[in-house]
$ cat my_file00.txt   # compact mmCIF, C-alpha atoms and all ligand atoms
# COMPACT_ATOMS: atom_id res chain seq x y z
CA MET A 1 -36.92 4.31 -4.63
CA ILE A 2 -34.28 5.35 -2.12
CA SER A 3 -32.49 7.65 -4.50
CA ASP A 4 -32.47 10.48 -2.00
CA LEU A 5 -31.37 8.69 1.15
CA GLN A 6 -28.70 11.29 1.58
CA THR A 7 -29.90 14.24 -0.45
CA ASN A 8 -31.44 16.12 2.43
CA SER A 9 -28.12 16.68 4.06
CA GLU A 10 -28.43 20.44 3.54
CA SER A 11 -31.31 20.44 5.96
CA ARG A 12 -29.40 18.61 8.64
CA ASP A 13 -29.08 20.58 11.81
CA LEU A 14 -25.33 20.16 11.96
CA SER A 15 -24.77 20.98 8.34
CA SER A 16 -24.15 24.62 9.10
CA GLY A 17 -20.84 23.60 10.62
CA ASN A 18 -20.24 21.11 7.85
CA PRO A 19 -19.58 22.80 4.55
CA GLN A 20 -19.13 19.46 2.76
CA ALA A 21 -22.69 18.36 3.42
CA VAL A 22 -24.06 19.67 0.15
CA GLY A 23 -21.43 17.71 -1.72
CA ALA A 24 -23.00 14.56 -0.34
CA ALA A 25 -25.95 15.01 -2.66
CA GLN A 26 -23.75 14.52 -5.69
CA PRO A 27 -24.21 11.30 -7.58
CA ALA A 28 -21.51 8.66 -7.41
CA ARG A 29 -18.37 8.91 -9.48
CA GLN A 30 -18.79 12.63 -9.92
CA GLY A 31 -15.15 13.26 -9.22
CA VAL A 32 -13.55 15.15 -6.40
CA THR A 33 -14.90 18.08 -4.45
CA ALA A 34 -12.94 21.15 -3.55
CA HIS A 35 -12.10 19.44 -0.28
CA THR A 36 -10.63 16.27 -1.66
CA ALA A 37 -7.15 16.38 -3.08
CA ALA A 38 -6.91 14.73 -6.48
CA GLY A 39 -6.37 11.00 -6.11
CA GLU A 40 -7.23 10.95 -2.43
CA PRO A 41 -10.00 8.52 -1.42
CA PHE A 42 -13.16 9.94 0.14
CA LEU A 43 -12.49 8.17 3.46
CA VAL A 44 -9.08 6.84 4.38
CA GLY A 45 -7.46 5.45 7.51
CA GLU A 46 -3.85 5.75 6.52
CA ASN A 47 -0.81 4.00 7.99
CA MET A 48 -2.72 3.30 11.20
CA THR A 49 -0.77 1.86 14.13
CA GLY A 50 -2.38 1.38 17.52
CA GLY A 51 -4.23 -0.89 19.92
CA TYR A 52 -6.61 -0.82 22.85
CA GLY A 53 -5.72 1.39 25.80
CA ALA A 54 -2.19 0.75 26.98
CA GLY A 55 -2.19 -2.69 25.36
CA PRO A 56 0.00 -3.87 22.50
CA ASP A 57 -0.45 -2.56 18.98
CA ILE A 58 -3.08 -4.49 17.05
CA LEU A 59 -2.82 -2.47 13.83
CA HIS A 60 0.56 -2.08 12.17
CA ASP A 61 0.86 0.56 9.49
CA CYS A 62 -2.58 -0.44 8.25
CA THR A 63 -4.34 1.48 5.49
CA ILE A 64 -7.99 1.08 4.49
CA ALA A 65 -9.98 3.42 2.28
CA VAL A 66 -13.10 3.83 0.23
CA ASP A 67 -13.73 6.20 -2.62
CA ARG A 68 -16.88 7.86 -3.89
CA GLY A 69 -19.30 5.51 -5.56
CA GLU A 70 -17.40 2.47 -4.35
CA ILE A 71 -17.83 -0.57 -2.18
CA ALA A 72 -14.58 -1.46 -0.39
CA VAL A 73 -14.33 -4.78 1.42
CA ILE A 74 -11.98 -5.88 4.19
CA VAL A 75 -11.43 -9.60 4.61
CA GLY A 76 -8.99 -11.71 6.61
CA PRO A 77 -8.79 -14.39 9.27
CA ASN A 78 -10.42 -14.15 12.69
CA GLY A 79 -8.50 -11.82 14.95
CA ALA A 80 -6.71 -10.15 12.03
CA GLY A 81 -7.77 -6.72 13.25
CA LYS A 82 -10.59 -6.02 10.79
CA SER A 83 -12.96 -4.72 13.46
CA THR A 84 -10.10 -2.88 15.13
CA GLY A 85 -9.34 -1.17 11.83
CA MET A 86 -12.97 -0.12 11.46
CA LYS A 87 -13.05 1.17 15.04
CA ALA A 88 -9.86 3.12 14.39
CA VAL A 89 -11.40 4.79 11.33
CA PHE A 90 -14.49 5.61 13.41
CA GLY A 91 -12.43 7.13 16.25
CA MET A 92 -12.82 4.43 18.88
CA LEU A 93 -9.08 3.81 19.17
CA ASN A 94 -6.21 6.11 20.00
CA LEU A 95 -3.84 5.79 17.08
CA ARG A 96 -0.15 5.98 17.86
CA GLN A 97 0.59 6.65 14.23
CA GLY A 98 -1.42 7.37 11.14
CA ARG A 99 -4.26 9.67 10.14
CA VAL A 100 -7.91 9.41 9.23
CA ARG A 101 -9.20 11.75 6.54
CA LEU A 102 -12.75 12.28 5.35
CA ASP A 103 -13.27 14.22 2.15
CA GLY A 104 -9.78 15.66 2.46
CA GLU A 105 -10.23 16.80 6.05
CA ASP A 106 -8.06 15.38 8.82
CA ILE A 107 -10.50 13.97 11.40
CA THR A 108 -7.96 11.94 13.40
CA ALA A 109 -8.67 13.93 16.58
CA LEU A 110 -12.47 13.83 16.36
CA SER A 111 -14.70 11.74 18.64
CA PRO A 112 -16.99 9.12 17.06
CA GLN A 113 -19.98 11.38 17.65
CA ASP A 114 -18.27 14.26 15.85
CA ARG A 115 -17.49 11.88 12.98
CA VAL A 116 -21.19 11.01 12.75
CA ALA A 117 -21.92 14.73 12.52
CA LYS A 118 -19.35 14.91 9.69
CA GLY A 119 -21.27 12.24 7.80
CA MET A 120 -19.95 8.85 8.91
CA GLY A 121 -22.37 6.02 9.60
CA PHE A 122 -21.06 2.93 11.41
CA VAL A 123 -22.67 -0.44 12.09
CA PRO A 124 -20.47 -2.31 14.57
CA GLN A 125 -20.06 -6.08 14.51
CA THR A 126 -21.84 -6.65 17.83
CA SER A 127 -24.51 -4.91 19.92
CA ASN A 128 -25.61 -2.92 16.89
CA ILE A 129 -29.29 -2.62 17.80
CA PHE A 130 -31.35 -1.92 20.93
CA THR A 131 -33.09 -5.26 21.38
CA SER A 132 -35.65 -4.05 23.93
CA MET A 133 -36.85 -1.23 21.68
CA THR A 134 -39.13 -1.53 18.69
CA VAL A 135 -37.83 -1.41 15.14
CA GLU A 136 -39.13 2.12 14.73
CA GLU A 137 -37.61 3.28 18.02
CA ASN A 138 -34.27 1.92 16.83
CA LEU A 139 -34.55 4.02 13.67
CA GLU A 140 -35.52 7.06 15.73
CA MET A 141 -32.48 6.53 17.95
CA GLY A 142 -30.34 6.43 14.82
CA ALA A 143 -31.48 9.93 13.94
CA PHE A 144 -30.25 11.37 17.23
CA ILE A 145 -28.22 14.13 15.62
CA ARG A 146 -31.11 15.41 13.51
CA THR A 147 -33.69 18.01 14.42
CA ASP A 148 -35.46 18.12 11.04
CA ASP A 149 -38.30 15.83 9.93
CA ILE A 150 -36.94 12.28 9.93
CA ARG A 151 -40.05 10.60 8.54
CA PRO A 152 -39.07 10.80 4.87
CA THR A 153 -35.78 9.04 5.66
CA MET A 154 -37.65 6.43 7.68
CA GLU A 155 -39.96 5.81 4.72
CA GLN A 156 -36.92 5.37 2.45
CA ILE A 157 -35.52 2.81 4.86
CA TYR A 158 -38.87 0.99 4.94
CA ASP A 159 -38.82 1.00 1.13
CA LEU A 160 -35.32 -0.47 1.18
CA PHE A 161 -36.24 -3.08 3.84
CA PRO A 162 -40.03 -3.64 3.53
CA ILE A 163 -40.09 -6.26 6.30
CA LEU A 164 -39.10 -3.54 8.76
CA ARG A 165 -42.22 -1.55 7.89
CA GLU A 166 -44.30 -4.63 8.67
CA LYS A 167 -42.52 -5.19 11.96
CA ARG A 168 -42.02 -1.58 12.96
CA HIS A 169 -43.91 -1.93 16.25
CA GLN A 170 -42.24 -5.19 17.21
CA SER A 171 -39.35 -5.33 19.62
CA ALA A 172 -36.12 -5.64 17.63
CA GLY A 173 -34.97 -8.49 19.85
CA GLU A 174 -37.78 -10.68 18.44
CA LEU A 175 -36.50 -10.40 14.86
CA SER A 176 -34.43 -12.92 12.90
CA GLY A 177 -30.70 -12.37 12.47
CA GLY A 178 -31.08 -10.99 8.96
CA GLN A 179 -33.87 -8.65 10.02
CA ARG A 180 -31.81 -7.38 12.95
CA GLN A 181 -28.99 -6.57 10.55
CA GLN A 182 -31.47 -4.61 8.43
CA VAL A 183 -32.45 -2.65 11.53
CA ALA A 184 -28.77 -1.96 12.24
CA VAL A 185 -28.09 -0.75 8.70
CA GLY A 186 -31.33 1.27 8.72
CA ARG A 187 -30.38 2.87 12.02
CA ALA A 188 -27.04 4.01 10.56
CA LEU A 189 -28.78 5.37 7.44
CA MET A 190 -31.06 7.54 9.57
CA THR A 191 -28.31 10.16 9.91
CA GLN A 192 -28.15 10.41 6.09
CA PRO A 193 -24.48 9.52 6.12
CA LYS A 194 -22.01 10.45 3.40
CA VAL A 195 -20.19 7.17 3.93
CA LEU A 196 -21.35 3.92 5.53
CA MET A 197 -19.12 1.50 7.44
CA LEU A 198 -20.45 -2.02 8.05
CA ASP A 199 -18.69 -4.63 10.19
CA GLU A 200 -19.90 -8.06 9.07
CA PRO A 201 -23.42 -7.14 8.01
CA THR A 202 -24.16 -10.73 7.01
CA ALA A 203 -22.82 -12.46 10.14
CA GLY A 204 -24.88 -15.47 11.12
CA VAL A 205 -27.44 -15.32 8.33
CA SER A 206 -28.34 -17.97 5.75
CA PRO A 207 -26.87 -17.80 2.23
CA ILE A 208 -30.20 -16.59 0.80
CA VAL A 209 -30.47 -13.80 3.35
CA MET A 210 -26.81 -12.95 2.74
CA ASP A 211 -27.50 -12.51 -1.00
CA GLU A 212 -30.48 -10.29 -0.21
CA LEU A 213 -28.45 -8.16 2.19
CA PHE A 214 -25.69 -7.79 -0.40
CA ASP A 215 -28.29 -6.65 -2.95
CA ARG A 216 -29.58 -4.02 -0.53
CA ILE A 217 -26.02 -2.88 0.22
CA ILE A 218 -25.37 -2.49 -3.51
CA GLU A 219 -28.60 -0.51 -3.74
CA VAL A 220 -27.42 1.83 -0.99
CA ALA A 221 -24.06 2.25 -2.73
CA ARG A 222 -25.88 3.16 -5.94
CA THR A 223 -27.56 6.06 -4.16
CA GLY A 224 -24.07 7.54 -3.89
CA ILE A 225 -23.10 6.42 -0.38
CA PRO A 226 -19.66 4.78 -0.44
CA ILE A 227 -19.50 1.61 1.65
CA LEU A 228 -16.55 0.29 3.63
CA MET A 229 -17.35 -3.15 4.99
CA VAL A 230 -15.80 -6.12 6.72
CA GLU A 231 -16.99 -9.53 5.53
CA GLN A 232 -16.47 -13.14 6.54
CA ASN A 233 -17.96 -14.31 3.28
CA ALA A 234 -14.82 -13.28 1.47
CA ARG A 235 -15.51 -14.65 -1.98
CA GLN A 236 -19.03 -13.25 -2.27
CA ALA A 237 -17.97 -9.92 -0.81
CA LEU A 238 -15.01 -9.53 -3.18
CA GLU A 239 -17.35 -10.22 -6.09
CA ILE A 240 -19.24 -7.01 -5.29
CA ALA A 241 -16.16 -5.05 -4.17
CA ASP A 242 -14.61 -2.27 -6.20
CA LYS A 243 -11.66 -2.45 -3.84
CA GLY A 244 -10.55 -5.15 -1.45
CA TYR A 245 -8.14 -5.45 1.44
CA VAL A 246 -6.83 -8.63 3.00
CA LEU A 247 -5.64 -7.96 6.55
CA VAL A 248 -3.38 -10.39 8.39
CA GLN A 249 -2.15 -9.72 11.93
CA GLY A 250 -3.06 -6.07 11.71
CA ARG A 251 -1.17 -5.50 8.48
CA ASN A 252 -2.19 -5.04 4.87
CA ALA A 253 -1.35 -8.40 3.28
CA HIS A 254 -3.00 -7.89 -0.12
CA SER A 255 -5.02 -5.17 -1.75
CA GLY A 256 -6.45 -4.54 -5.16
CA THR A 257 -9.75 -4.52 -6.96
CA GLY A 258 -12.19 -7.25 -5.93
CA LYS A 259 -11.50 -8.98 -9.26
CA GLU A 260 -7.74 -8.82 -8.80
CA LEU A 261 -7.91 -10.39 -5.37
CA LEU A 262 -10.29 -13.12 -6.54
CA ALA A 263 -7.80 -13.96 -9.29
CA ASP A 264 -4.68 -13.80 -7.10
CA PRO A 265 -3.42 -17.39 -6.56
CA GLU A 266 -1.94 -16.58 -3.14
CA VAL A 267 -5.18 -14.93 -1.95
CA ARG A 268 -7.19 -17.83 -3.31
CA ARG A 269 -5.03 -20.44 -1.64
CA SER A 270 -4.76 -18.70 1.72
CA PHE A 271 -8.11 -17.00 2.15
CA LEU A 272 -10.65 -18.28 -0.33
CA GLY A 273 -10.22 -22.01 0.03
CA GLY A 274 -8.38 -22.55 -3.29
N1 LIG B 1 -11.68 -4.34 23.20
C1 LIG B 1 -10.52 -4.97 23.04
N2 LIG B 1 -9.53 -4.88 23.96
C2 LIG B 1 -8.34 -5.51 23.79
N3 LIG B 1 -8.04 -6.29 22.73
C3 LIG B 1 -8.98 -6.44 21.79
C4 LIG B 1 -10.28 -5.80 21.89
N4 LIG B 1 -11.00 -6.13 20.80
C5 LIG B 1 -10.21 -6.93 20.06
N5 LIG B 1 -9.01 -7.11 20.64
C6 LIG B 1 -7.89 -7.91 20.11
O1 LIG B 1 -7.50 -7.33 18.88
C7 LIG B 1 -7.14 -8.35 17.95
C8 LIG B 1 -7.93 -8.12 16.67
O2 LIG B 1 -9.32 -8.29 16.96
P1 LIG B 1 -10.44 -7.84 15.95
O3 LIG B 1 -11.73 -7.99 16.67
O4 LIG B 1 -10.12 -6.52 15.39
O5 LIG B 1 -10.29 -8.95 14.81
P2 LIG B 1 -11.25 -9.27 13.60
O6 LIG B 1 -10.38 -9.38 12.39
O7 LIG B 1 -12.36 -8.31 13.55
O8 LIG B 1 -11.78 -10.73 13.98
P3 LIG B 1 -13.20 -11.44 13.68
O9 LIG B 1 -13.11 -11.99 12.30
O10 LIG B 1 -13.25 -12.52 14.71
O11 LIG B 1 -14.28 -10.42 13.85
C9 LIG B 1 -7.41 -9.69 18.62
O12 LIG B 1 -6.18 -10.17 19.11
C10 LIG B 1 -8.33 -9.32 19.77
O13 LIG B 1 -8.14 -10.19 20.86
MG MG B 2 -14.37 -8.48 13.71

$ encode --input "my_file00.txt" --output "structure tokens" --more "lines below"
Ligand SMILES: Nc1ncnc2c1ncn2[C@@H]1O[C@H](COP(=O)(O)OP(=O)(O)OP(=O)(O)O)[C@@H](O)[C@H]1O
Ligand SMILES: [Mg+2]
Amino acid sequence: MISDLQTNSESRDLSSGNPQAVGAAQPARQGVTAHTAAGEPFLVGENMTGGYGAGPDILHDCTIAVDRGEIAVIVGPNGAGKSTGMKAVFGMLNLRQGRVRLDGEDITALSPQDRVAKGMGFVPQTSNIFTSMTVEENLEMGAFIRTDDIRPTMEQIYDLFPILREKRHQSAGELSGGQRQQVAVGRALMTQPKVLMLDEPTAGVSPIVMDELFDRIIEVARTGIPILMVEQNARQALEIADKGYVLVQGRNAHSGTGKELLADPEVRRSFLGG
């Protein structure tokens, strides 16, 4: 239904300056492109050290990554630096050390907006929708970098989240928490990203809505868009994760496949409630 959420990337206005865009149409697990060195993840924030402004370092030699066709999940206690790590990968932090690479290209010096043009979609943890605008206006805002016809993408997002089609003329601020998160994810998908970063997409929603959101996220991943996400619901998130990272005090404490982390006695005891 949404199989071509990202396949129109050739027609994107900015694609002329973005030779990798066509590669985005490849199905998941198709292997590396000419731009990605063998064994290098599609998106990686590597050995990142840095903090906010002139403040102390929050991240310490922190590495997070996601590969093609994968869902990677970052978990860890409150204040561990999960959101800071995401912001660093998206270019909202000045790193003192470390690099960010997308499809083999060093993007460490790029602004967030330039990273969007390169194919990154980001849903921040807070203030991720325009509450005074309608659902549809939010989606239109998401497509700000595009000059081609955005309606097909909007239809795909309405197919993915049918409730948004029903409520498209309602102000987003009137929606439930789960519906707002759908708007936020939909907004990020409007740029037809090559990789999607989600910071706590299920924050504050009921377990049923959480399951539904996870299903939709898996559906997006199956269209070939790798997903790097932070989650409070660690156990459920690791169950759907190809790769997982446990961050503690800005450092990588544990990493492995979702299965490995779920089976790790130390991870279970410290982070999953036994
Ligand atoms: N804008 C900011 N300016 C200065 N310090 C900040 C800022 N945002 C976060 N911090 C600090 O960075 C540290 C890590 O915060 P961060 O929000 O990355 O943690 P988190 O793992 O995402 O937590 P949570 O699970 O609560 O979302 C905390 O000590 C926090 O106080
Ligand atoms: Mg956070």

$ residues_near_ligand --input "my_file00.txt" --ligand "ligand LIG 1 (chain B)" --cutoff "10 Å" --atoms "only C-alpha atoms and all ligand atoms" --output "PyMOL selection string"
chain A and resi 51-59+74-88+92-93+125-126+199-200+203+230-232+247-250

$ write_last_selection --input "my_file00.txt" --atoms "C-alpha atoms" --output "PDB file, in the frame of the given file"
ATOM      1  CA  GLY A  51      -4.230  -0.890  19.920  1.00  0.00           C
ATOM      2  CA  TYR A  52      -6.610  -0.820  22.850  1.00  0.00           C
ATOM      3  CA  GLY A  53      -5.720   1.390  25.800  1.00  0.00           C
ATOM      4  CA  ALA A  54      -2.190   0.750  26.980  1.00  0.00           C
ATOM      5  CA  GLY A  55      -2.190  -2.690  25.360  1.00  0.00           C
ATOM      6  CA  PRO A  56       0.000  -3.870  22.500  1.00  0.00           C
ATOM      7  CA  ASP A  57      -0.450  -2.560  18.980  1.00  0.00           C
ATOM      8  CA  ILE A  58      -3.080  -4.490  17.050  1.00  0.00           C
ATOM      9  CA  LEU A  59      -2.820  -2.470  13.830  1.00  0.00           C
ATOM     10  CA  ILE A  74     -11.980  -5.880   4.190  1.00  0.00           C
ATOM     11  CA  VAL A  75     -11.430  -9.600   4.610  1.00  0.00           C
ATOM     12  CA  GLY A  76      -8.990 -11.710   6.610  1.00  0.00           C
ATOM     13  CA  PRO A  77      -8.790 -14.390   9.270  1.00  0.00           C
ATOM     14  CA  ASN A  78     -10.420 -14.150  12.690  1.00  0.00           C
ATOM     15  CA  GLY A  79      -8.500 -11.820  14.950  1.00  0.00           C
ATOM     16  CA  ALA A  80      -6.710 -10.150  12.030  1.00  0.00           C
ATOM     17  CA  GLY A  81      -7.770  -6.720  13.250  1.00  0.00           C
ATOM     18  CA  LYS A  82     -10.590  -6.020  10.790  1.00  0.00           C
ATOM     19  CA  SER A  83     -12.960  -4.720  13.460  1.00  0.00           C
ATOM     20  CA  THR A  84     -10.100  -2.880  15.130  1.00  0.00           C
ATOM     21  CA  GLY A  85      -9.340  -1.170  11.830  1.00  0.00           C
ATOM     22  CA  MET A  86     -12.970  -0.120  11.460  1.00  0.00           C
ATOM     23  CA  LYS A  87     -13.050   1.170  15.040  1.00  0.00           C
ATOM     24  CA  ALA A  88      -9.860   3.120  14.390  1.00  0.00           C
ATOM     25  CA  MET A  92     -12.820   4.430  18.880  1.00  0.00           C
ATOM     26  CA  LEU A  93      -9.080   3.810  19.170  1.00  0.00           C
ATOM     27  CA  GLN A 125     -20.060  -6.080  14.510  1.00  0.00           C
ATOM     28  CA  THR A 126     -21.840  -6.650  17.830  1.00  0.00           C
ATOM     29  CA  ASP A 199     -18.690  -4.630  10.190  1.00  0.00           C
ATOM     30  CA  GLU A 200     -19.900  -8.060   9.070  1.00  0.00           C
ATOM     31  CA  ALA A 203     -22.820 -12.460  10.140  1.00  0.00           C
ATOM     32  CA  VAL A 230     -15.800  -6.120   6.720  1.00  0.00           C
ATOM     33  CA  GLU A 231     -16.990  -9.530   5.530  1.00  0.00           C
ATOM     34  CA  GLN A 232     -16.470 -13.140   6.540  1.00  0.00           C
ATOM     35  CA  LEU A 247      -5.640  -7.960   6.550  1.00  0.00           C
ATOM     36  CA  VAL A 248      -3.380 -10.390   8.390  1.00  0.00           C
ATOM     37  CA  GLN A 249      -2.150  -9.720  11.930  1.00  0.00           C
ATOM     38  CA  GLY A 250      -3.060  -6.070  11.710  1.00  0.00           C
TER      39      GLY A 250
END

$ closest_residue --input "my_file00.txt" --among "A:Met229, A:Leu160, A:Phe90, A:Arg99" --to "ligand MG 2 (chain B)" --atoms "all atoms listed in the file"
A:Met229

$ closest_residue --input "my_file00.txt" --among "A:Leu272, A:Ile217, A:Ala234, A:Val185" --to "Gly121 (chain A)" --atoms "all atoms listed in the file"
A:Val185

$ residues_around --input "my_file00.txt" --residues "Ala65 (chain A)" --least-positions-apart "3" --cutoff "12 Å" --atoms "all atoms listed in the file" --output "ChimeraX atom specification"
/A:39-48,62,68,70-74,85-86,89,99-103,195-197,226-229,242-245,252,255-256

$ atom_distance --input "my_file00.txt" --atom1 "CA of Met210 (chain A)" --atom2 "CA of Ile163 (chain A)"
15.3 Å

$ closest_residue --input "my_file00.txt" --among "A:Ala188, A:Val123, A:Arg222, A:Ala263" --to "ligand MG 2 (chain B)" --atoms "all atoms listed in the file"
A:Val123

$ atom_distance --input "my_file00.txt" --atom1 "CA of Gln113 (chain A)" --atom2 "CA of Thr191 (chain A)"
11.4 Å

$ residues_near_point --input "my_file00.txt" --point "(-27.3, -6.6, 14.6)" --cutoff "7 Å" --atoms "only C-alpha atoms" --output "compact mmCIF listing (two decimals) with C-alpha atoms, in the coordinates of the input"
# COMPACT_ATOMS: atom_id res chain seq x y z
CA THR A 126 -21.84 -6.65 17.83
CA SER A 127 -24.51 -4.91 19.92
CA ASN A 128 -25.61 -2.92 16.89
CA ILE A 129 -29.29 -2.62 17.80
CA ARG A 180 -31.81 -7.38 12.95
CA GLN A 181 -28.99 -6.57 10.55
CA ALA A 184 -28.77 -1.96 12.24

$ residues_around --input "my_file00.txt" --residues "Gly178 (chain A)" --least-positions-apart "6" --cutoff "12 Å" --atoms "all atoms listed in the file" --output "list in words"
Phe161, Ile163, Leu164, Ala172, Ala184, Val185, Glu200, Pro201, Thr202, Ala203, Gly204, Val205, Ser206, Pro207, Ile208, Val209, Met210, Asp211, Glu212, Leu213, Phe214 and Arg216 of chain A

$ write_last_selection --input "my_file00.txt" --atoms "C-alpha atoms" --output "short mmCIF file (atom, residue, chain, number, x, y, z; two decimals), keeping the file's coordinate frame"
data_model
loop_
_atom_site.label_atom_id
_atom_site.label_comp_id
_atom_site.auth_asym_id
_atom_site.auth_seq_id
_atom_site.Cartn_x
_atom_site.Cartn_y
_atom_site.Cartn_z
CA PHE A 161 -36.24 -3.08 3.84
CA ILE A 163 -40.09 -6.26 6.30
CA LEU A 164 -39.10 -3.54 8.76
CA ALA A 172 -36.12 -5.64 17.63
CA ALA A 184 -28.77 -1.96 12.24
CA VAL A 185 -28.09 -0.75 8.70
CA GLU A 200 -19.90 -8.06 9.07
CA PRO A 201 -23.42 -7.14 8.01
CA THR A 202 -24.16 -10.73 7.01
CA ALA A 203 -22.82 -12.46 10.14
CA GLY A 204 -24.88 -15.47 11.12
CA VAL A 205 -27.44 -15.32 8.33
CA SER A 206 -28.34 -17.97 5.75
CA PRO A 207 -26.87 -17.80 2.23
CA ILE A 208 -30.20 -16.59 0.80
CA VAL A 209 -30.47 -13.80 3.35
CA MET A 210 -26.81 -12.95 2.74
CA ASP A 211 -27.50 -12.51 -1.00
CA GLU A 212 -30.48 -10.29 -0.21
CA LEU A 213 -28.45 -8.16 2.19
CA PHE A 214 -25.69 -7.79 -0.40
CA ARG A 216 -29.58 -4.02 -0.53
#

$ atom_distance --input "my_file00.txt" --atom1 "CA of Ile145 (chain A)" --atom2 "CA of Met133 (chain A)"
18.6 Å

$ closest_residue --input "my_file00.txt" --among "A:Lys118, A:Gly50, A:Gly69, A:Ala143" --to "Gly224 (chain A)" --atoms "all atoms listed in the file"
A:Gly69

$ closest_residue --input "my_file00.txt" --among "A:Ser132, A:Arg96, A:Pro124, A:Asp61" --to "ligand MG 2 (chain B)" --atoms "all atoms listed in the file"
A:Pro124

$ closest_residue --input "my_file00.txt" --among "A:Val183, A:Met190, A:Gly91, A:Ala117" --to "Arg151 (chain A)" --atoms "only C-alpha atoms"
A:Met190

$ axis_aligned_box --input "my_file00.txt" --around "region 137-148 of chain A" --padding-each-side "8 Å" --output "AutoDock Vina command-line options"
--center_x -32.9 --center_y 10.0 --center_z 14.5 --size_x 25.4 --size_y 32.2 --size_z 23.0
